[in-house]
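To be precise, the following lines are my_file37.txt, and they hold compact mmCIF, C-alpha atoms.
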# COMPACT_ATOMS: atom_id res chain seq x y z
CA MET A 882 32.84 0.22 -21.25
CA ARG A 883 30.50 2.74 -22.85
CA PHE A 884 31.56 6.00 -24.50
CA PRO A 885 29.18 8.74 -25.72
CA THR A 886 29.39 7.47 -29.31
CA GLY A 887 30.78 3.95 -28.95
CA TRP A 888 31.58 0.82 -26.98
CA SER A 889 34.93 -0.46 -25.80
CA HIS A 890 35.44 -4.22 -25.94
CA HIS A 891 38.12 -5.79 -23.77
CA TRP A 892 38.81 -9.52 -23.74
CA LEU A 893 41.55 -11.62 -22.24
CA ALA A 894 42.44 -15.10 -23.48
CA ILE A 895 45.06 -17.39 -21.94
CA GLY A 896 46.25 -20.67 -23.37
CA PHE A 897 48.94 -23.25 -22.76
CA ILE A 898 50.78 -25.13 -25.53
CA PRO A 899 52.25 -28.30 -24.01
CA ARG A 900 55.69 -29.54 -25.07
CA ALA A 901 56.26 -26.43 -27.22
CA ARG A 902 59.28 -24.17 -27.14
CA LEU A 903 59.04 -20.39 -27.36
CA GLU A 904 61.01 -20.33 -30.61
CA GLN A 905 58.52 -22.76 -32.23
CA VAL A 906 55.51 -20.73 -31.11
CA LEU A 907 57.03 -17.52 -32.46
CA GLN A 908 57.86 -19.16 -35.80
CA VAL A 909 54.20 -20.08 -36.30
CA THR A 910 52.95 -16.75 -34.92
CA GLN A 911 55.20 -14.77 -37.27
CA ASP A 912 54.40 -16.91 -40.33
CA TYR A 913 51.83 -14.30 -41.38
CA PRO A 914 51.47 -15.41 -45.03
CA ARG A 915 50.07 -18.73 -43.73
CA HIS A 916 47.56 -17.26 -41.24
CA ALA A 917 44.77 -17.60 -43.83
CA GLU A 918 45.55 -21.33 -43.90
CA PHE A 919 45.87 -21.65 -40.10
CA PHE A 920 42.79 -19.62 -39.15
CA LYS A 921 40.29 -20.18 -41.96
CA PRO A 922 37.46 -19.32 -42.42
CA ASP A 923 37.90 -16.28 -40.13
CA VAL A 924 41.02 -15.14 -41.97
CA GLN A 925 40.36 -15.24 -45.71
CA ARG A 926 43.67 -13.67 -46.76
CA SER A 927 46.92 -12.78 -45.07
CA GLU A 928 50.02 -11.14 -46.41
CA LEU A 929 53.29 -9.94 -44.96
CA LEU A 930 53.64 -6.36 -46.24
CA SER A 931 57.00 -5.63 -44.63
CA HIS A 932 59.40 -7.03 -42.05
CA ASP A 933 62.30 -5.27 -40.37
CA GLY A 934 63.83 -7.07 -37.40
CA GLU A 935 61.06 -7.52 -34.85
CA HIS A 936 58.63 -5.18 -36.62
CA PHE A 937 56.00 -6.53 -39.03
CA ARG A 938 53.37 -4.85 -41.19
CA VAL A 939 50.63 -7.36 -42.02
CA TYR A 940 47.45 -7.41 -44.12
CA PHE A 941 44.48 -9.57 -43.09
CA ARG A 942 41.03 -10.00 -44.62
CA PHE A 943 38.78 -10.99 -41.73
CA TYR A 944 35.43 -12.69 -42.24
CA ARG A 945 32.66 -13.42 -39.73
CA HIS A 946 29.04 -14.38 -40.27
CA ALA A 947 26.60 -14.27 -37.36
CA ILE A 948 23.26 -12.63 -38.14
CA VAL A 949 25.16 -10.22 -40.39
CA THR A 950 28.27 -10.84 -42.44
CA ALA A 951 31.25 -8.64 -41.66
CA ILE A 952 34.30 -8.63 -43.91
CA TYR A 953 37.23 -6.31 -43.26
CA ASN A 954 40.50 -5.54 -44.98
CA THR A 955 42.91 -4.63 -42.21
CA GLU A 956 46.54 -3.68 -41.79
CA PHE A 957 48.43 -4.13 -38.54
CA ASP A 958 51.71 -2.81 -37.21
CA ILE A 959 53.13 -5.55 -35.00
CA GLN A 960 56.16 -5.19 -32.74
CA PHE A 961 57.82 -8.04 -30.81
CA THR A 962 60.09 -7.49 -27.80
CA GLN A 963 62.06 -10.22 -26.01
CA SER A 964 62.87 -9.17 -22.44
CA ASP A 965 64.73 -12.38 -21.54
CA PRO A 966 65.06 -15.93 -22.95
CA ALA A 967 61.66 -17.00 -21.53
CA HIS A 968 59.55 -13.86 -22.11
CA VAL A 969 58.36 -12.21 -25.34
CA TYR A 970 55.77 -9.46 -25.70
CA SER A 971 54.04 -8.19 -28.81
CA THR A 972 51.70 -5.35 -29.65
CA ALA A 973 49.51 -5.38 -32.74
CA LYS A 974 47.73 -2.16 -33.66
CA ALA A 975 45.29 -1.92 -36.53
CA VAL A 976 46.37 1.03 -38.64
CA ARG A 977 43.67 0.48 -41.26
CA ILE A 978 40.23 -1.13 -40.97
CA ALA A 979 38.06 -1.03 -44.13
CA GLU A 980 34.79 -2.91 -44.50
CA VAL A 981 34.27 -4.92 -47.68
CA ARG A 982 30.86 -5.54 -49.22
CA LYS A 983 29.60 -7.79 -51.97
CA SER A 984 28.42 -6.11 -55.15
CA ARG A 985 24.75 -6.83 -55.70
CA GLY A 986 24.26 -9.90 -57.85
CA LYS A 987 28.00 -10.32 -58.33
CA LYS A 988 30.72 -12.34 -56.68
CA THR A 989 33.09 -9.37 -56.60
CA ARG A 990 33.79 -7.47 -53.41
CA VAL A 991 34.05 -3.71 -53.12
CA LYS A 992 35.86 -1.83 -50.37
CA ARG A 993 33.75 0.71 -48.56
CA PRO A 994 35.53 3.99 -47.81
CA VAL A 995 37.04 4.05 -44.31
CA GLY A 996 34.52 5.73 -42.01
CA ASN A 997 31.65 5.18 -44.47
CA ASP A 998 30.71 1.63 -43.57
CA HIS A 999 28.49 -0.21 -41.09
CA GLY A 1000 31.06 0.55 -38.41
CA TYR A 1001 31.07 -2.77 -36.56
CA LEU A 1002 34.76 -2.32 -35.83
CA TRP A 1003 36.47 1.08 -35.50
CA ARG A 1004 39.71 0.17 -33.72
CA LEU A 1005 41.51 -3.00 -32.65
CA ASP A 1006 44.69 -3.45 -30.59
CA LEU A 1007 46.12 -6.73 -29.33
CA TYR A 1008 48.69 -7.21 -26.57
CA THR A 1009 50.27 -10.67 -26.41
CA ARG A 1010 52.60 -12.16 -23.80
CA TYR A 1011 54.52 -15.40 -24.27
CA LEU A 1012 56.13 -17.29 -21.40
CA GLU A 1013 58.19 -20.45 -21.86
CA VAL A 1014 58.21 -22.87 -18.91
CA ASP A 1015 59.73 -26.35 -18.59
CA ASP A 1016 56.78 -28.19 -20.13
CA GLY A 1017 55.48 -25.70 -22.73
CA VAL A 1018 54.51 -22.11 -23.51
CA TYR A 1019 51.80 -19.91 -22.02
CA VAL A 1020 50.21 -17.37 -24.35
CA GLN A 1021 48.07 -14.50 -23.04
CA ILE A 1022 46.28 -12.18 -25.48
CA GLU A 1023 44.39 -9.02 -24.58
CA PHE A 1024 42.02 -7.58 -27.18
CA VAL A 1025 40.88 -3.98 -27.03
CA GLY A 1026 38.35 -2.93 -29.65
CA LEU A 1027 36.10 0.02 -30.27
CA SER A 1028 32.76 -0.03 -32.08
CA PRO A 1029 29.88 2.44 -32.42
CA GLN A 1030 26.82 2.30 -30.17
CA ARG A 1031 24.61 1.19 -33.06
CA ALA A 1032 26.67 -2.00 -33.34
CA ARG A 1033 25.86 -2.91 -29.71
CA ALA A 1034 22.52 -4.52 -30.66
CA ILE A 1035 24.26 -6.73 -33.23
CA PHE A 1036 26.87 -7.82 -30.68
CA CYS A 1037 24.15 -8.69 -28.14
CA LEU A 1038 22.03 -10.63 -30.65
CA ALA A 1039 24.92 -12.50 -32.23
CA GLY A 1040 26.39 -13.74 -28.99
CA GLU A 1041 29.90 -15.10 -28.64
CA SER A 1042 30.48 -15.88 -32.32
CA LEU A 1043 30.44 -12.21 -33.34
CA ARG A 1044 32.07 -11.00 -30.13
CA ALA A 1045 35.04 -13.19 -31.01
CA PHE A 1046 35.36 -11.53 -34.43
CA PRO A 1047 38.22 -12.59 -35.45
CA PHE A 1048 40.54 -11.66 -32.65
CA HIS A 1049 42.09 -15.11 -32.20
CA ALA A 1050 43.75 -14.87 -35.57
CA SER A 1051 45.41 -11.52 -35.26
CA THR A 1052 48.67 -12.37 -33.54
With the file now loaded, output its structure as structure tokens.
Amino acid sequence: MRFPTGWSHHWLAIGFIPRARLEQVLQVTQDYPRHAEFFKPDVQRSELLSHDGEHFRVYFRFYRHAIVTAIYNTEFDIQFTQSDPAHVYSTAKAVRIAEVRKSRGKKTRVKRPVGNDHGYLWRLDLYTRYLEVDDGVYVQIEFVGLSPQRARAIFCLAGESLRAFPFHAST
């Protein structure tokens, strides 16, 4: 969907995990400190900032290279809700998205000020549904992102590898 100054990106992914139980899937999903291990190289760092019941605040450093390299420090507010023993829902909303750049000639990385970056990714929300059935767990994830119009050419040229940036690792 096109807006006067940006583009909306909406994806839907559905998967099935055979022989898994809902509790097992949620244990892995909520093991945020290990997401960098599970989803490398797209997630370079992950850290659980806070946890209160079914609410999580999580830091991720996302990395994607396809024509251009995009690195972002992000923070997400994530809320889980269990409506019955077989159904769980979660929402993950990016509350901070800051691009990171390499210093010229150095290996160090410098955060660009929020709003003063290349602007490949302005907003990102994820809506996840989990359903346990007799032989496994279905997982459905909706991704809603917002980027500026100028990033549209990069998305078109880079194809699926940049379009997938790095949504699969977020919840």
- Note on the structure: CA of Ala979 in chain A sits from CA of Thr955 in chain A at a separation of 6.3 Å
- Would you please work out which residue, of A:Ser971, A:Gln1021, A:Leu903, A:Arg945, is nearest to Leu1002 in chain A when using all atoms listed in the file?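 Selected residue with least distance to Leu1002 in chain A: A:Arg945.
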- In Å, with one decimal, what is the gap from CA of Phe897 in chain A to CA of Val1014 in chain A? 10.0 Å
- Item | Proximity to Thr972 in chain A - best of A:Arg900, A:Lys921, A:His916, A:Arg1010, only C-alpha atoms |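 Under the stated criterion, the closest residue is A:Arg1010.
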- Residue nearest Arg926 in chain A - candidates A:Val976, A:Leu1012, A:Val939, A:Ala947, atoms counted: all atoms listed in the file: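 For Arg926 in chain A, the nearest of the candidates is A:Val939.
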- Message: To one decimal place in Å, what is the distance between CA of Tyr1008 in chain A and CA of Phe1024 in chain A?
- Response: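 Computing the Euclidean distance for CA of Tyr1008 in chain A and CA of Phe1024 in chain A yields 6.7 Å.
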- Task: Name the closest residue to His946 in chain A among the candidates A:Asp923, A:Gly896, A:Ser931, A:Arg915; distances are taken between atoms, counting all atoms listed in the file.
- Result: A:Asp923
